[in-house]
>>> print(open('upload.cif').read())   # mmCIF, C-alpha atoms
data_data
#
loop_
_atom_site.label_atom_id
_atom_site.label_comp_id
_atom_site.auth_asym_id
_atom_site.auth_seq_id
_atom_site.Cartn_x
_atom_site.Cartn_y
_atom_site.Cartn_z
CA MET A 1 117.03 143.15 98.17
CA LYS A 2 115.21 142.39 101.43
CA TYR A 3 112.65 139.66 101.99
CA SER A 4 109.14 140.66 103.09
CA ASN A 5 106.89 138.09 104.72
CA LYS A 6 103.68 139.94 103.91
CA HIS A 7 101.20 137.55 102.33
CA ALA A 8 101.04 138.06 98.58
CA ILE A 9 97.24 137.87 98.58
CA ASP A 10 94.25 140.15 98.29
CA ARG A 11 93.62 141.61 101.75
CA SER A 12 90.24 142.93 100.66
CA VAL A 13 88.83 139.40 101.01
CA ALA A 14 87.16 139.51 104.42
CA GLY A 15 88.51 137.10 107.00
CA ILE A 16 91.57 135.94 105.10
CA GLY A 17 94.85 136.06 106.93
CA GLU A 18 93.42 137.19 110.25
CA GLN A 19 94.91 134.25 112.11
CA ASN A 20 98.60 133.71 112.75
CA GLU A 21 99.24 131.67 109.62
CA GLY A 22 101.98 131.29 107.05
CA SER A 23 101.92 132.79 103.59
CA LEU A 24 101.30 129.46 101.84
CA HIS A 25 98.31 128.62 104.01
CA ALA A 26 96.79 132.07 103.51
CA ALA A 27 97.32 132.02 99.75
CA LEU A 28 95.73 128.58 99.39
CA LYS A 29 92.77 129.78 101.41
CA GLN A 30 92.26 132.56 98.89
CA TRP A 31 92.80 130.18 95.97
CA ILE A 32 90.00 127.80 96.99
CA SER A 33 87.59 130.51 98.15
CA GLU A 34 84.44 131.61 96.35
CA PRO A 35 82.18 134.65 96.88
CA GLY A 36 80.10 134.19 100.00
CA ASP A 37 82.55 131.89 101.78
CA ARG A 38 83.23 132.42 105.48
CA PHE A 39 86.70 132.14 107.02
CA GLU A 40 88.04 130.98 110.39
CA VAL A 41 84.61 129.81 111.55
CA ASN A 42 84.30 128.17 114.97
CA MET A 43 82.38 124.91 114.69
CA SER A 44 82.08 122.41 117.52
CA GLY A 45 85.07 124.00 119.20
CA PHE A 46 87.28 123.81 116.11
CA LEU A 47 88.39 126.66 113.86
CA ILE A 48 87.57 125.89 110.20
CA ASP A 49 89.56 127.55 107.41
CA VAL A 50 86.71 127.94 104.91
CA VAL A 51 82.97 127.29 105.23
CA ARG A 52 80.81 127.24 102.09
CA ARG A 53 77.17 126.75 102.99
CA ASP A 54 77.18 123.22 104.53
CA GLU A 55 80.64 122.33 103.23
CA LEU A 56 83.92 122.67 105.14
CA PHE A 57 87.45 123.13 103.78
CA GLU A 58 90.47 122.47 105.95
CA ILE A 59 93.92 123.34 104.57
CA GLN A 60 96.83 121.35 105.94
CA ILE A 61 100.27 121.97 104.46
CA LYS A 62 101.96 119.26 106.53
CA ASN A 63 101.45 116.67 109.29
CA PHE A 64 97.94 115.19 109.12
CA SER A 65 98.41 114.00 112.71
CA ALA A 66 97.99 117.60 113.87
CA VAL A 67 94.41 117.75 112.54
CA ARG A 68 93.42 114.10 112.98
CA ARG A 69 91.18 114.72 116.00
CA LYS A 70 89.54 117.72 114.34
CA LEU A 71 88.81 115.81 111.13
CA ARG A 72 87.34 112.82 112.93
CA ALA A 73 85.08 115.04 115.02
CA LEU A 74 83.77 117.06 112.08
CA VAL A 75 83.36 114.34 109.45
CA GLU A 76 80.53 112.76 111.43
CA ASN A 77 78.11 115.57 110.61
CA HIS A 78 79.64 117.65 107.82
CA ARG A 79 80.83 117.39 104.25
CA LEU A 80 84.56 117.85 104.81
CA ASN A 81 87.31 118.62 102.30
CA LEU A 82 90.97 118.30 103.28
CA VAL A 83 93.21 120.43 101.04
CA TYR A 84 96.85 119.37 100.78
CA PRO A 85 99.59 120.96 98.64
CA ILE A 86 102.52 119.01 97.19
CA PRO A 87 105.44 121.06 95.82
CA LEU A 88 105.97 119.98 92.24
CA GLU A 89 108.62 122.68 92.02
CA LYS A 90 110.37 124.46 94.87
CA TRP A 91 112.62 127.51 94.97
CA ILE A 92 114.75 127.99 98.10
CA LEU A 93 115.34 131.57 99.20
CA LYS A 94 117.96 132.05 101.93
CA ILE A 95 117.90 135.31 103.91
CA ASP A 96 120.24 136.88 106.45
CA GLU A 97 119.08 136.79 110.08
CA LYS A 98 120.02 140.40 110.87
CA ASP A 99 118.87 142.52 107.95
CA GLN A 100 116.60 140.06 106.08
CA SER A 101 118.61 140.56 102.91
CA VAL A 102 118.53 137.77 100.32
CA ILE A 103 121.69 135.68 100.38
CA SER A 104 120.77 133.26 97.61
CA ARG A 105 117.92 131.77 95.59
CA ARG A 106 118.11 128.35 93.96
CA LYS A 107 115.82 125.69 92.56
CA SER A 108 115.53 122.52 94.60
CA PRO A 109 116.32 119.31 92.68
CA LYS A 110 113.44 117.56 94.44
CA LYS A 111 110.13 117.30 92.57
CA GLY A 112 106.93 116.24 94.26
CA ARG A 113 104.52 113.67 92.81
CA LEU A 114 100.88 112.87 93.42
CA ILE A 115 101.85 109.67 95.24
CA ASP A 116 103.44 111.83 97.95
CA ILE A 117 99.93 112.14 99.41
CA PHE A 118 100.53 108.72 100.99
CA ASP A 119 103.33 110.18 103.15
CA GLU A 120 100.57 111.86 105.17
CA LEU A 121 97.58 109.66 104.32
CA VAL A 122 99.09 106.83 106.40
CA ARG A 123 97.99 108.84 109.45
CA ILE A 124 94.26 108.91 108.54
CA PRO A 125 93.44 106.14 106.01
CA ASP A 126 90.29 105.16 107.93
CA LEU A 127 88.67 108.53 107.18
CA ILE A 128 88.40 107.60 103.50
CA GLU A 129 85.58 105.26 104.50
CA TYR A 130 83.34 108.29 105.09
CA GLU A 131 81.33 109.26 102.01
CA ASN A 132 81.35 112.93 103.01
CA PHE A 133 85.15 113.13 103.33
CA ASN A 134 87.19 114.30 100.34
CA ILE A 135 90.87 115.03 99.81
CA ILE A 136 91.93 117.75 97.37
CA VAL A 137 95.58 117.48 96.35
CA LEU A 138 97.19 120.52 94.75
CA LEU A 139 100.46 120.22 92.86
CA ILE A 140 102.09 123.61 93.29
CA LYS A 141 105.15 125.71 92.68
CA GLU A 142 106.37 127.31 95.87
CA GLU A 143 109.14 129.37 97.39
CA GLU A 144 110.60 128.22 100.70
CA ILE A 145 112.14 130.97 102.82
CA ARG A 146 115.09 129.96 104.98
CA CYS A 147 116.95 132.07 107.53
CA ASP A 148 120.67 131.59 108.09
CA ASP A 149 120.31 131.70 111.89
CA GLY A 150 122.22 128.56 112.87
CA LYS A 151 119.15 127.16 114.66
CA GLY A 152 117.78 124.86 111.98
CA SER A 153 118.34 121.22 111.10
CA TRP A 154 121.86 119.98 110.51
CA ARG A 155 120.58 118.63 107.19
CA ARG A 156 120.05 122.25 106.13
CA LYS A 157 123.36 123.32 107.66
CA GLY A 158 121.65 125.22 110.47
CA THR A 159 119.21 127.26 108.40
CA SER A 160 115.59 127.49 109.63
CA ILE A 161 112.49 127.40 107.43
CA VAL A 162 110.61 130.61 108.28
CA ASP A 163 107.92 130.72 105.59
CA ARG A 164 106.55 129.16 102.41
CA LYS A 165 105.01 131.14 99.56
CA LEU A 166 102.67 129.99 96.82
CA LEU A 167 103.93 130.77 93.32
CA GLU A 168 101.43 128.79 91.26
CA VAL A 169 98.84 126.01 91.47
CA VAL A 170 99.70 123.64 88.63
CA SER A 171 96.96 121.03 89.02
CA GLU A 172 94.12 119.90 91.27
CA THR A 173 93.15 116.28 91.93
CA CYS A 174 90.09 115.39 93.99
CA PHE A 175 89.73 112.06 95.75
CA ASN A 176 85.99 111.81 96.41
CA LYS A 177 85.81 108.09 97.16
CA LYS A 178 88.23 105.42 98.24
CA SER A 179 88.27 103.67 94.85
CA ASP A 180 89.87 106.84 93.41
CA PHE A 181 93.10 105.74 95.11
CA LEU A 182 93.26 102.62 92.94
CA GLN A 183 94.75 104.83 90.22
CA PHE A 184 98.08 104.26 91.99
CA LEU A 185 97.76 100.53 91.40
CA PRO A 186 98.10 99.82 87.64
CA THR A 187 95.40 97.51 86.30
CA ASP A 188 98.00 95.40 84.49
CA ILE A 189 100.12 94.77 87.57
CA HIS A 190 100.99 91.09 88.06
CA THR A 191 98.79 89.47 90.74
CA PRO A 192 99.52 88.72 93.50
CA PHE A 193 101.85 91.65 94.01
CA SER A 194 104.26 92.78 96.71
CA THR A 195 105.52 96.18 97.83
CA LYS A 196 108.59 95.54 95.69
CA THR A 197 106.38 94.96 92.64
CA VAL A 198 104.44 98.17 93.27
CA ALA A 199 107.69 100.13 93.71
CA GLU A 200 109.04 98.82 90.40
CA VAL A 201 105.83 99.44 88.43
CA ILE A 202 105.20 102.93 89.81
CA GLY A 203 108.85 103.92 89.94
CA CYS A 204 109.11 104.84 93.61
CA PRO A 205 111.18 103.73 96.63
CA VAL A 206 110.03 100.59 98.45
CA TYR A 207 109.33 102.60 101.63
CA LYS A 208 106.79 104.71 99.72
CA ALA A 209 105.24 101.59 98.16
CA ARG A 210 104.78 100.25 101.72
CA ARG A 211 102.77 103.36 102.58
CA ILE A 212 100.61 102.92 99.49
CA ILE A 213 99.96 99.26 100.33
CA TYR A 214 99.21 100.11 103.97
CA CYS A 215 96.62 102.73 103.00
CA LEU A 216 94.94 100.61 100.31
CA LYS A 217 94.71 97.74 102.79
CA LYS A 218 93.18 99.99 105.47
CA MET A 219 90.67 101.20 102.86
CA LYS A 220 89.77 97.53 102.19
CA LEU A 221 90.74 97.93 98.54
CA ILE A 222 93.33 95.12 98.68
CA SER A 223 93.89 92.08 100.87
CA GLN A 224 96.90 90.02 101.87
CA VAL A 225 96.81 86.60 100.19
CA GLY A 226 100.21 85.07 100.89
CA LYS A 227 103.92 85.56 101.21
CA SER A 228 106.95 85.17 98.96
CA GLY A 229 110.29 85.21 100.76
CA ASN A 230 110.38 88.36 102.89
CA PHE A 231 107.54 90.03 100.99
CA LEU A 232 103.83 89.81 101.74
CA LEU A 233 101.59 89.31 98.70
CA TYR A 234 98.37 91.18 97.96
CA GLU A 235 95.57 91.32 95.43
CA ARG A 236 92.68 93.66 94.68
CA ASN A 237 89.40 92.99 96.42
CA THR A 238 86.81 91.94 93.86
CA SER A 239 84.15 94.15 95.45
CA THR A 240 86.04 97.41 94.64
#
>>> encode(input="upload.cif", output="structure tokens")
Amino acid sequence: MKYSNKHAIDRSVAGIGEQNEGSLHAALKQWISEPGDRFEVNMSGFLIDVVRRDELFEIQIKNFSAVRRKLRALVENHRLNLVYPIPLEKWILKIDEKDQSVISRRKSPKKGRLIDIFDELVRIPDLIEYENFNIIVLLIKEEEIRCDDGKGSWRRKGTSIVDRKLLEVVSETCFNKKSDFLQFLPTDIHTPFSTKTVAEVIGCPVYKARRIIYCLKKMKLISQVGKSGNFLLYERNTST
């Protein structure tokens, strides 16, 4: 069997897939689209994935830093939705460099969680202050295509990631206001709390808890109130 990188989407939808984009990005664009939407629209010098009347949708499958300037420029005058997929389940397809034949297909042991949004949110936590800025997180099942070309990361033993394909959208979570992010901070958590406390209660590594704390602090949802040993202590702001 040979791998084909043609987007598994409906090409009859005008404007979809006309840019040089990966399969996952194109499929998500179709998934969020509605009749009458416009695609790849130039606004204020930026290309927008989907425009629905006065509402903008920007799909970013990784690295919020790459679109930070675009988001900050557009959020001033538009209702802006940032769509971000997190792989709840991932299948890894390895193909041969020469003939594109499938070498292997296996399920990755890694499973994404909703809190993974903070891995990228640390780059733009200030944008949550805007009332017209929303984040739409999609938990998905995907297929990651890797080529055995010897040019990739040593962690992947030289294989390169050449494409990602959408298999299924499992759930959709919309963060329409900054207080929505308090769902990651259990109401019964002992106060004051540290990053270590948050990590234990949520069941995540301390480094990820640090990202959660950093974002919530930038959103003015929590404040530092003291220190215990090597850990800073925080509590919820009463105004939130």
>>> resolve_selection(input="upload.cif", expression="the PyMOL selection byres ((chain A and resi 206-220) around 8)", output="ChimeraX atom specification")
/A:118-119,121-122,125-126,128-129,178,181-182,195-196,198-199,204-205,221-223,237
>>> residues_near_point(input="upload.cif", point="(93.1, 117.8, 87.5)", cutoff="12 Å", atoms="all atoms listed in the file", output="count of residues only")
12
>>> atom_distance(input="upload.cif", atom1="atom CA of A:Ile161", atom2="atom CA of A:Ile48")
25.1 Å
>>> closest_residue(input="upload.cif", among="A:Ile124, A:Leu47, A:Ile95, A:Ile86", to="A:Ser65", atoms="all atoms listed in the file")
A:Ile124
>>> residues_near_point(input="upload.cif", point="(109.5, 126.1, 98.9)", cutoff="7 Å", atoms="only C-alpha atoms", output="ChimeraX atom specification")
/A:90-92,142-145,164-165
>>> residues_around(input="upload.cif", residues="A:Ser228", least_positions_apart="5", cutoff="10 Å", atoms="only C-alpha atoms", output="compact mmCIF listing (two decimals) with C-alpha atoms, in the frame of the given file")
# COMPACT_ATOMS: atom_id res chain seq x y z
CA PRO A 192 99.52 88.72 93.50
CA PHE A 193 101.85 91.65 94.01
CA SER A 194 104.26 92.78 96.71
CA LEU A 233 101.59 89.31 98.70
>>> resolve_selection(input="upload.cif", expression="the PyMOL selection byres ((chain A and resi 71) around 10)", output="number ranges by chain")
A: 46, 58, 64-70, 72-76, 78, 80-82, 124, 127, 133
>>> atom_distance(input="upload.cif", atom1="atom CA of A:Val102", atom2="atom CA of A:Asp163")
13.8 Å
>>> atom_distance(input="upload.cif", atom1="atom CA of A:Glu120", atom2="atom CA of A:Val162")
21.5 Å
>>> closest_residue(input="upload.cif", among="A:Arg53, A:Asn132, A:Phe39, A:Cys147", to="A:Arg105", atoms="all atoms listed in the file")
A:Cys147
>>> axis_aligned_box(input="upload.cif", around="stretch 36-46 of chain A", padding_each_side="6 Å", output="AutoDock Vina command-line options")
--center_x 84.1 --center_y 128.3 --center_z 109.6 --size_x 19.9 --size_y 23.8 --size_z 31.2
>>> closest_residue(input="upload.cif", among="A:Asn77, A:Phe184, A:Ala26, A:Leu232", to="A:Asp49", atoms="only C-alpha atoms")
A:Ala26
